[in-house]
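Student: Just passing along the structure, written as structure tokens.
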Amino acid sequence: MRAVTDSGKVVDLNSNGTWSTFETPPSVANEGFRKASWGSSMGQVQSIETGDPRLSESGYLDFEVKLGELNCLAVYIFIDDQLVRGKYVVNDTTANNNTYLTKFDELSANLTKKYGTPVEQNTYWSNDLYQDDPQQWGMAVSIDHLSKFTKWNARESSILLSLFGDNYEIDLSIEYSSNLHQGLEKAFRESAIIEDL
């Protein structure tokens with residue numbers, strides 16, 4: 001439950017009866033993914049990005065890009081020719097898997113500078129074999145023993161930073177999704193399932 005105090009602060013009533021200050025998500029100019037606004041068409045995105053897409057399929061475009069010093073794929077996801085999601089997939093390889101944890105922490109710090117305090121921060125251990133040995137946490141990620149997820153909310157977007165792995169492969173990515181197009185995505189998923197029934 002949300003309320004406004006006499007001083008004008010917005011607060012949330014927690015389930016345990018305590019109150020906490022509600023922080024309005026920050027406003028970010030031109031929300032969307034990279035330089036494209038939510039709802040942009042595939043043609044508009046192609047005109048914004050430099051170079052040719054590596055993949056151009058119905059509903060998807062991806063480009064090889066740099067995010068700081070990281071080599072990434074910038075993946076654009078469309079429904080009905082409207083941009084609804086975007087994702088950076090880091091495709092750098094490293095000899096030391098702990099580097100992915102360092103990069104996760106660096107990206108998390110930068111996302112926090114831009115979007116404010118995360119709304120969720122989760123670390124999951126599915127197997128605690130390496131939990132007491134931080135030097136092996138990169139290995140733990142690569143074999144699906146450890147995964148990390150951090151989420152931010154902005155006015156029009158949700159941002160999810162994720163680190164997970166399996167079969168000695170590690171996935172470090174940042175996914176942006178449009179809050180304005182959630183209904184469109186839900187209807188698209190439902191129609192795809194119904195079509196296959």
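Just remember, in the structure tokens the first chain shown is A, the second B, etc., residues are 1-based per chain, and ligands are 1-based in the order shown.
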Let's see if you can do this: from backbone DSSP, list all alpha helix (DSSP H) residues in range 16-191 of chain A, as an MDAnalysis selection string.

Tutor: chainID A and resid 42:48 98:115 137:142 182:191

Student: What would the file look like if the residues just selected were written as a short mmCIF file (atom, residue, chain, number, x, y, z; two decimals), in the first residue's frame with N, CA and C atoms?

Tutor:
```cif
data_model
loop_
_atom_site.label_atom_id
_atom_site.label_comp_id
_atom_site.auth_asym_id
_atom_site.auth_seq_id
_atom_site.Cartn_x
_atom_site.Cartn_y
_atom_site.Cartn_z
N MET A 42 11.87 -1.68 -37.43
CA MET A 42 13.15 -2.27 -37.82
C MET A 42 13.91 -1.32 -38.74
N GLY A 43 13.21 -0.69 -39.65
CA GLY A 43 13.84 0.26 -40.57
C GLY A 43 14.46 1.44 -39.83
N GLN A 44 13.75 1.95 -38.83
CA GLN A 44 14.28 3.07 -38.05
C GLN A 44 15.54 2.65 -37.30
N VAL A 45 15.54 1.45 -36.73
CA VAL A 45 16.71 0.97 -35.99
C VAL A 45 17.89 0.80 -36.94
N GLN A 46 17.65 0.23 -38.12
CA GLN A 46 18.74 0.04 -39.08
C GLN A 46 19.34 1.37 -39.51
N SER A 47 18.53 2.41 -39.57
CA SER A 47 19.06 3.72 -39.96
C SER A 47 19.86 4.37 -38.83
N ILE A 48 19.59 3.99 -37.59
CA ILE A 48 20.30 4.55 -36.44
C ILE A 48 21.65 3.87 -36.25
N ASN A 98 36.68 -15.68 -13.57
CA ASN A 98 36.36 -14.68 -12.54
C ASN A 98 36.25 -13.28 -13.14
N THR A 99 36.83 -13.08 -14.32
CA THR A 99 36.72 -11.78 -15.00
C THR A 99 35.26 -11.44 -15.26
N TYR A 100 34.42 -12.44 -15.53
CA TYR A 100 32.99 -12.18 -15.77
C TYR A 100 32.33 -11.61 -14.52
N LEU A 101 32.74 -12.06 -13.36
CA LEU A 101 32.19 -11.52 -12.10
C LEU A 101 32.61 -10.07 -11.92
N THR A 102 33.86 -9.76 -12.25
CA THR A 102 34.33 -8.38 -12.18
C THR A 102 33.55 -7.50 -13.14
N LYS A 103 33.35 -7.97 -14.37
CA LYS A 103 32.60 -7.21 -15.37
C LYS A 103 31.14 -7.03 -14.92
N PHE A 104 30.55 -8.06 -14.32
CA PHE A 104 29.19 -7.95 -13.79
C PHE A 104 29.13 -6.81 -12.77
N ASP A 105 30.08 -6.79 -11.84
CA ASP A 105 30.09 -5.75 -10.81
C ASP A 105 30.29 -4.36 -11.41
N GLU A 106 31.15 -4.23 -12.43
CA GLU A 106 31.38 -2.94 -13.09
C GLU A 106 30.11 -2.47 -13.80
N LEU A 107 29.47 -3.38 -14.54
CA LEU A 107 28.23 -3.02 -15.23
C LEU A 107 27.14 -2.64 -14.23
N SER A 108 27.06 -3.38 -13.13
CA SER A 108 26.07 -3.08 -12.09
C SER A 108 26.29 -1.68 -11.52
N ALA A 109 27.54 -1.33 -11.26
CA ALA A 109 27.84 0.01 -10.72
C ALA A 109 27.45 1.10 -11.71
N ASN A 110 27.73 0.88 -12.99
CA ASN A 110 27.38 1.89 -14.00
C ASN A 110 25.88 1.99 -14.20
N LEU A 111 25.18 0.87 -14.19
CA LEU A 111 23.72 0.90 -14.32
C LEU A 111 23.09 1.60 -13.11
N THR A 112 23.66 1.40 -11.94
CA THR A 112 23.16 2.07 -10.74
C THR A 112 23.37 3.58 -10.83
N LYS A 113 24.50 4.01 -11.40
CA LYS A 113 24.73 5.45 -11.59
C LYS A 113 23.66 6.04 -12.51
N LYS A 114 23.25 5.28 -13.53
CA LYS A 114 22.28 5.81 -14.49
C LYS A 114 20.84 5.67 -14.00
N TYR A 115 20.49 4.51 -13.41
CA TYR A 115 19.09 4.22 -13.10
C TYR A 115 18.75 4.25 -11.61
N TRP A 137 34.71 -18.98 -8.12
CA TRP A 137 33.34 -18.56 -8.42
C TRP A 137 33.10 -18.45 -9.92
N GLY A 138 34.10 -18.06 -10.69
CA GLY A 138 33.95 -18.04 -12.14
C GLY A 138 33.67 -19.44 -12.67
N MET A 139 34.38 -20.42 -12.13
CA MET A 139 34.12 -21.82 -12.50
C MET A 139 32.70 -22.20 -12.10
N ALA A 140 32.28 -21.77 -10.92
CA ALA A 140 30.93 -22.08 -10.44
C ALA A 140 29.88 -21.52 -11.40
N VAL A 141 30.10 -20.31 -11.91
CA VAL A 141 29.16 -19.74 -12.89
C VAL A 141 29.14 -20.61 -14.14
N SER A 142 30.31 -21.01 -14.62
CA SER A 142 30.40 -21.74 -15.90
C SER A 142 29.74 -23.11 -15.86
N GLN A 182 4.37 -4.24 -22.68
CA GLN A 182 4.21 -5.54 -22.01
C GLN A 182 2.96 -6.26 -22.49
N GLY A 183 1.87 -5.54 -22.68
CA GLY A 183 0.62 -6.16 -23.16
C GLY A 183 0.79 -6.75 -24.54
N LEU A 184 1.50 -6.05 -25.41
CA LEU A 184 1.76 -6.54 -26.76
C LEU A 184 2.57 -7.83 -26.72
N GLU A 185 3.59 -7.87 -25.87
CA GLU A 185 4.41 -9.08 -25.73
C GLU A 185 3.59 -10.25 -25.19
N LYS A 186 2.76 -9.98 -24.19
CA LYS A 186 1.94 -11.04 -23.60
C LYS A 186 0.97 -11.60 -24.64
N ALA A 187 0.32 -10.74 -25.40
CA ALA A 187 -0.61 -11.19 -26.44
C ALA A 187 0.11 -11.99 -27.51
N PHE A 188 1.32 -11.59 -27.87
CA PHE A 188 2.11 -12.30 -28.87
C PHE A 188 2.45 -13.70 -28.39
N ARG A 189 2.92 -13.82 -27.14
CA ARG A 189 3.28 -15.13 -26.58
C ARG A 189 2.05 -16.03 -26.50
N GLU A 190 0.93 -15.48 -26.04
CA GLU A 190 -0.30 -16.28 -25.93
C GLU A 190 -0.76 -16.77 -27.29
N SER A 191 -0.71 -15.92 -28.30
CA SER A 191 -1.17 -16.33 -29.63
C SER A 191 -0.25 -17.40 -30.21
#
```

Student: Show which residues sit within 7 Å of Glu156 in chain A, as an MDAnalysis selection string. Count only C-alpha atoms, and ignore same-chain residues fewer than 4 positions away.

Tutor: chainID A and resid 31 178:180

Student: Taking C-alpha atoms for each residue, export the selection above as a PDB file, in the first residue's frame.

Tutor:
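Written output follows (again-v7.pdb):
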```
ATOM      1  CA  GLU A  31      14.133   5.683 -23.068  1.00  0.00           C
ATOM      2  CA  SER A 178       9.629  -1.724 -22.601  1.00  0.00           C
ATOM      3  CA  ASN A 179       7.080  -1.306 -19.829  1.00  0.00           C
ATOM      4  CA  LEU A 180       4.797   0.313 -22.420  1.00  0.00           C
TER       5      LEU A 180
END
```

Student: Quote the spacing between CA of Thr117 in chain A and CA of Leu172 in chain A in Å to one decimal place.

Tutor: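 Spanning CA of Thr117 in chain A to CA of Leu172 in chain A is a straight-line distance of 20.2 Å.
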
Student: Just to confirm, what's the straight-line distance from CA of Leu73 in chain A to CA of Ile174 in chain A in Å (one decimal)?

Tutor: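 Between these atoms lies a distance of 10.6 Å.
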
Student: To one decimal place in Å, what is the distance between CA of Cys72 in chain A and CA of Gln136 in chain A?

Tutor: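 Distance reported for this atom pair: 24.8 Å.
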
Student: Using only C-alpha atoms, find the one residue out of A:Phe149, A:Tyr124, A:Tyr88, A:Tyr130 that sits nearest to Glu175 in chain A.

Tutor: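 Going through A:Phe149, A:Tyr124, A:Tyr88, A:Tyr130 one by one, the smallest distance to Glu175 in chain A is for A:Tyr88.
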
Student: For a quick check of understanding, using only C-alpha atoms, which of A:Asp196, A:Glu169, A:Glu120, A:Glu57 has the smallest distance to Asn97 in chain A?

Tutor: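 For Asn97 in chain A, the nearest of the given residues is A:Glu169.
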
Student: Per DSSP on the backbone, what are the strand (DSSP E) residues of range 99-178 of chain A, as a PyMOL selection string?

Tutor: chain A and resi 120-125+146-153+157-166+169-178

Student: Dump N, CA and C atoms for the selected residues as an mmCIF file, in the first residue's frame?

Tutor:
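Writing done, so here's selection.cif:
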```cif
data_model
loop_
_atom_site.group_PDB
_atom_site.id
_atom_site.type_symbol
_atom_site.label_atom_id
_atom_site.label_comp_id
_atom_site.auth_asym_id
_atom_site.auth_seq_id
_atom_site.Cartn_x
_atom_site.Cartn_y
_atom_site.Cartn_z
ATOM 1 N N GLU A 120 15.951 -5.135 -7.376
ATOM 2 C CA GLU A 120 16.225 -6.526 -6.984
ATOM 3 C C GLU A 120 17.698 -6.824 -7.207
ATOM 4 N N GLN A 121 18.281 -7.588 -6.294
ATOM 5 C CA GLN A 121 19.633 -8.109 -6.440
ATOM 6 C C GLN A 121 19.603 -9.538 -5.923
ATOM 7 N N ASN A 122 19.869 -10.493 -6.808
ATOM 8 C CA ASN A 122 19.772 -11.895 -6.416
ATOM 9 C C ASN A 122 21.023 -12.664 -6.812
ATOM 10 N N THR A 123 21.504 -13.463 -5.881
ATOM 11 C CA THR A 123 22.597 -14.396 -6.126
ATOM 12 C C THR A 123 22.081 -15.773 -5.754
ATOM 13 N N TYR A 124 22.201 -16.715 -6.680
ATOM 14 C CA TYR A 124 21.689 -18.068 -6.461
ATOM 15 C C TYR A 124 22.827 -19.080 -6.536
ATOM 16 N N TRP A 125 22.879 -19.950 -5.549
ATOM 17 C CA TRP A 125 23.797 -21.083 -5.558
ATOM 18 C C TRP A 125 22.956 -22.347 -5.708
ATOM 19 N N LEU A 146 26.409 -21.139 -9.832
ATOM 20 C CA LEU A 146 26.226 -19.772 -9.349
ATOM 21 C C LEU A 146 25.638 -18.917 -10.464
ATOM 22 N N SER A 147 24.636 -18.126 -10.124
ATOM 23 C CA SER A 147 24.092 -17.145 -11.074
ATOM 24 C C SER A 147 23.749 -15.872 -10.308
ATOM 25 N N LYS A 148 23.800 -14.746 -11.022
ATOM 26 C CA LYS A 148 23.537 -13.440 -10.403
ATOM 27 C C LYS A 148 22.617 -12.638 -11.315
ATOM 28 N N PHE A 149 21.669 -11.926 -10.706
ATOM 29 C CA PHE A 149 20.719 -11.100 -11.446
ATOM 30 C C PHE A 149 20.474 -9.816 -10.663
ATOM 31 N N THR A 150 20.487 -8.690 -11.358
ATOM 32 C CA THR A 150 20.175 -7.406 -10.744
ATOM 33 C C THR A 150 19.218 -6.670 -11.668
ATOM 34 N N LYS A 151 18.178 -6.046 -11.081
ATOM 35 C CA LYS A 151 17.133 -5.402 -11.877
ATOM 36 C C LYS A 151 16.936 -3.956 -11.442
ATOM 37 N N TRP A 152 16.729 -3.086 -12.441
ATOM 38 C CA TRP A 152 16.402 -1.679 -12.223
ATOM 39 C C TRP A 152 15.103 -1.374 -12.946
ATOM 40 N N ASN A 153 14.391 -0.375 -12.449
ATOM 41 C CA ASN A 153 13.205 0.132 -13.135
ATOM 42 C C ASN A 153 13.407 1.602 -13.439
ATOM 43 N N SER A 157 11.022 1.627 -18.779
ATOM 44 C CA SER A 157 11.863 0.463 -19.043
ATOM 45 C C SER A 157 12.160 -0.331 -17.780
ATOM 46 N N SER A 158 12.399 -1.619 -17.977
ATOM 47 C CA SER A 158 12.973 -2.478 -16.946
ATOM 48 C C SER A 158 14.310 -2.957 -17.486
ATOM 49 N N ILE A 159 15.312 -3.007 -16.624
ATOM 50 C CA ILE A 159 16.655 -3.374 -17.044
ATOM 51 C C ILE A 159 17.111 -4.529 -16.172
ATOM 52 N N LEU A 160 17.565 -5.620 -16.801
ATOM 53 C CA LEU A 160 18.004 -6.807 -16.070
ATOM 54 C C LEU A 160 19.427 -7.162 -16.476
ATOM 55 N N LEU A 161 20.337 -7.102 -15.513
ATOM 56 C CA LEU A 161 21.717 -7.539 -15.699
ATOM 57 C C LEU A 161 21.799 -8.974 -15.211
ATOM 58 N N SER A 162 22.324 -9.873 -16.041
ATOM 59 C CA SER A 162 22.366 -11.276 -15.632
ATOM 60 C C SER A 162 23.718 -11.905 -15.936
ATOM 61 N N LEU A 163 24.096 -12.834 -15.079
ATOM 62 C CA LEU A 163 25.314 -13.619 -15.231
ATOM 63 C C LEU A 163 24.968 -15.047 -14.855
ATOM 64 N N PHE A 164 25.111 -15.955 -15.799
ATOM 65 C CA PHE A 164 24.840 -17.367 -15.539
ATOM 66 C C PHE A 164 25.622 -18.195 -16.545
ATOM 67 N N GLY A 165 25.621 -19.486 -16.369
ATOM 68 C CA GLY A 165 26.359 -20.336 -17.290
ATOM 69 C C GLY A 165 25.892 -21.767 -17.231
ATOM 70 N N ASP A 166 26.466 -22.552 -18.129
ATOM 71 C CA ASP A 166 26.184 -23.982 -18.194
ATOM 72 C C ASP A 166 27.179 -24.603 -19.164
ATOM 73 N N GLU A 169 30.154 -22.629 -20.442
ATOM 74 C CA GLU A 169 29.883 -21.415 -21.212
ATOM 75 C C GLU A 169 29.241 -20.406 -20.263
ATOM 76 N N ILE A 170 29.649 -19.135 -20.366
ATOM 77 C CA ILE A 170 29.123 -18.091 -19.487
ATOM 78 C C ILE A 170 28.381 -17.049 -20.311
ATOM 79 N N ASP A 171 27.222 -16.631 -19.808
ATOM 80 C CA ASP A 171 26.412 -15.597 -20.444
ATOM 81 C C ASP A 171 26.351 -14.391 -19.517
ATOM 82 N N LEU A 172 26.874 -13.264 -19.994
ATOM 83 C CA LEU A 172 26.786 -11.984 -19.296
ATOM 84 C C LEU A 172 26.010 -11.055 -20.210
ATOM 85 N N SER A 173 24.871 -10.560 -19.745
ATOM 86 C CA SER A 173 24.032 -9.747 -20.627
ATOM 87 C C SER A 173 23.247 -8.706 -19.836
ATOM 88 N N ILE A 174 22.790 -7.692 -20.576
ATOM 89 C CA ILE A 174 21.895 -6.667 -20.034
ATOM 90 C C ILE A 174 20.691 -6.618 -20.949
ATOM 91 N N GLU A 175 19.514 -6.874 -20.391
ATOM 92 C CA GLU A 175 18.292 -6.850 -21.195
ATOM 93 C C GLU A 175 17.424 -5.668 -20.777
ATOM 94 N N TYR A 176 16.998 -4.908 -21.765
ATOM 95 C CA TYR A 176 16.104 -3.767 -21.576
ATOM 96 C C TYR A 176 14.749 -4.166 -22.132
ATOM 97 N N SER A 177 13.686 -3.934 -21.383
ATOM 98 C CA SER A 177 12.347 -4.242 -21.894
ATOM 99 C C SER A 177 11.434 -3.043 -21.677
ATOM 100 N N SER A 178 10.553 -2.851 -22.639
ATOM 101 C CA SER A 178 9.629 -1.724 -22.601
ATOM 102 C C SER A 178 8.465 -2.023 -21.668
#
```

Student: Pick out the residues sitting within 8 Å of Phe63 in chain A, and hand them over as a list in words; count only C-alpha atoms, and ignore anything fewer than 5 positions along from it in its own chain.

Tutor: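 Contacts, with the query itself left out: Glu49, Gly51, Asp52, Pro53, Arg54, Leu55, Leu73, Ala74 and Val75 of chain A.
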
Student: Only N, CA and C atoms, please: the residues just picked out, written as a compact mmCIF listing (two decimals), in the first residue's frame.

Tutor:
```
# COMPACT_ATOMS: atom_id res chain seq x y z
N GLU A 49 21.68 2.53 -36.38
CA GLU A 49 22.91 1.76 -36.15
C GLU A 49 23.87 1.92 -37.32
N GLY A 51 26.73 0.26 -39.73
CA GLY A 51 27.07 -1.07 -40.20
C GLY A 51 25.83 -1.89 -40.49
N ASP A 52 26.07 -3.05 -41.05
CA ASP A 52 24.98 -3.96 -41.40
C ASP A 52 24.69 -4.89 -40.24
N PRO A 53 23.43 -5.27 -40.08
CA PRO A 53 23.12 -6.22 -39.01
C PRO A 53 23.76 -7.58 -39.29
N ARG A 54 24.21 -8.22 -38.24
CA ARG A 54 24.77 -9.57 -38.37
C ARG A 54 23.65 -10.56 -38.62
N LEU A 55 22.50 -10.29 -38.02
CA LEU A 55 21.31 -11.12 -38.17
C LEU A 55 20.14 -10.19 -38.43
N LEU A 73 27.05 -8.21 -28.71
CA LEU A 73 26.00 -8.17 -29.71
C LEU A 73 24.91 -7.29 -29.13
N ALA A 74 24.42 -6.36 -29.94
CA ALA A 74 23.25 -5.57 -29.56
C ALA A 74 22.08 -6.19 -30.29
N VAL A 75 21.18 -6.82 -29.55
CA VAL A 75 20.06 -7.55 -30.14
C VAL A 75 18.79 -6.71 -29.94
```

Student: Find, counting only C-alpha atoms, the residue in A:Asn96, A:Val89, A:Leu129, A:Leu83 that gets nearest to Asn71 in chain A.

Tutor: A:Val89
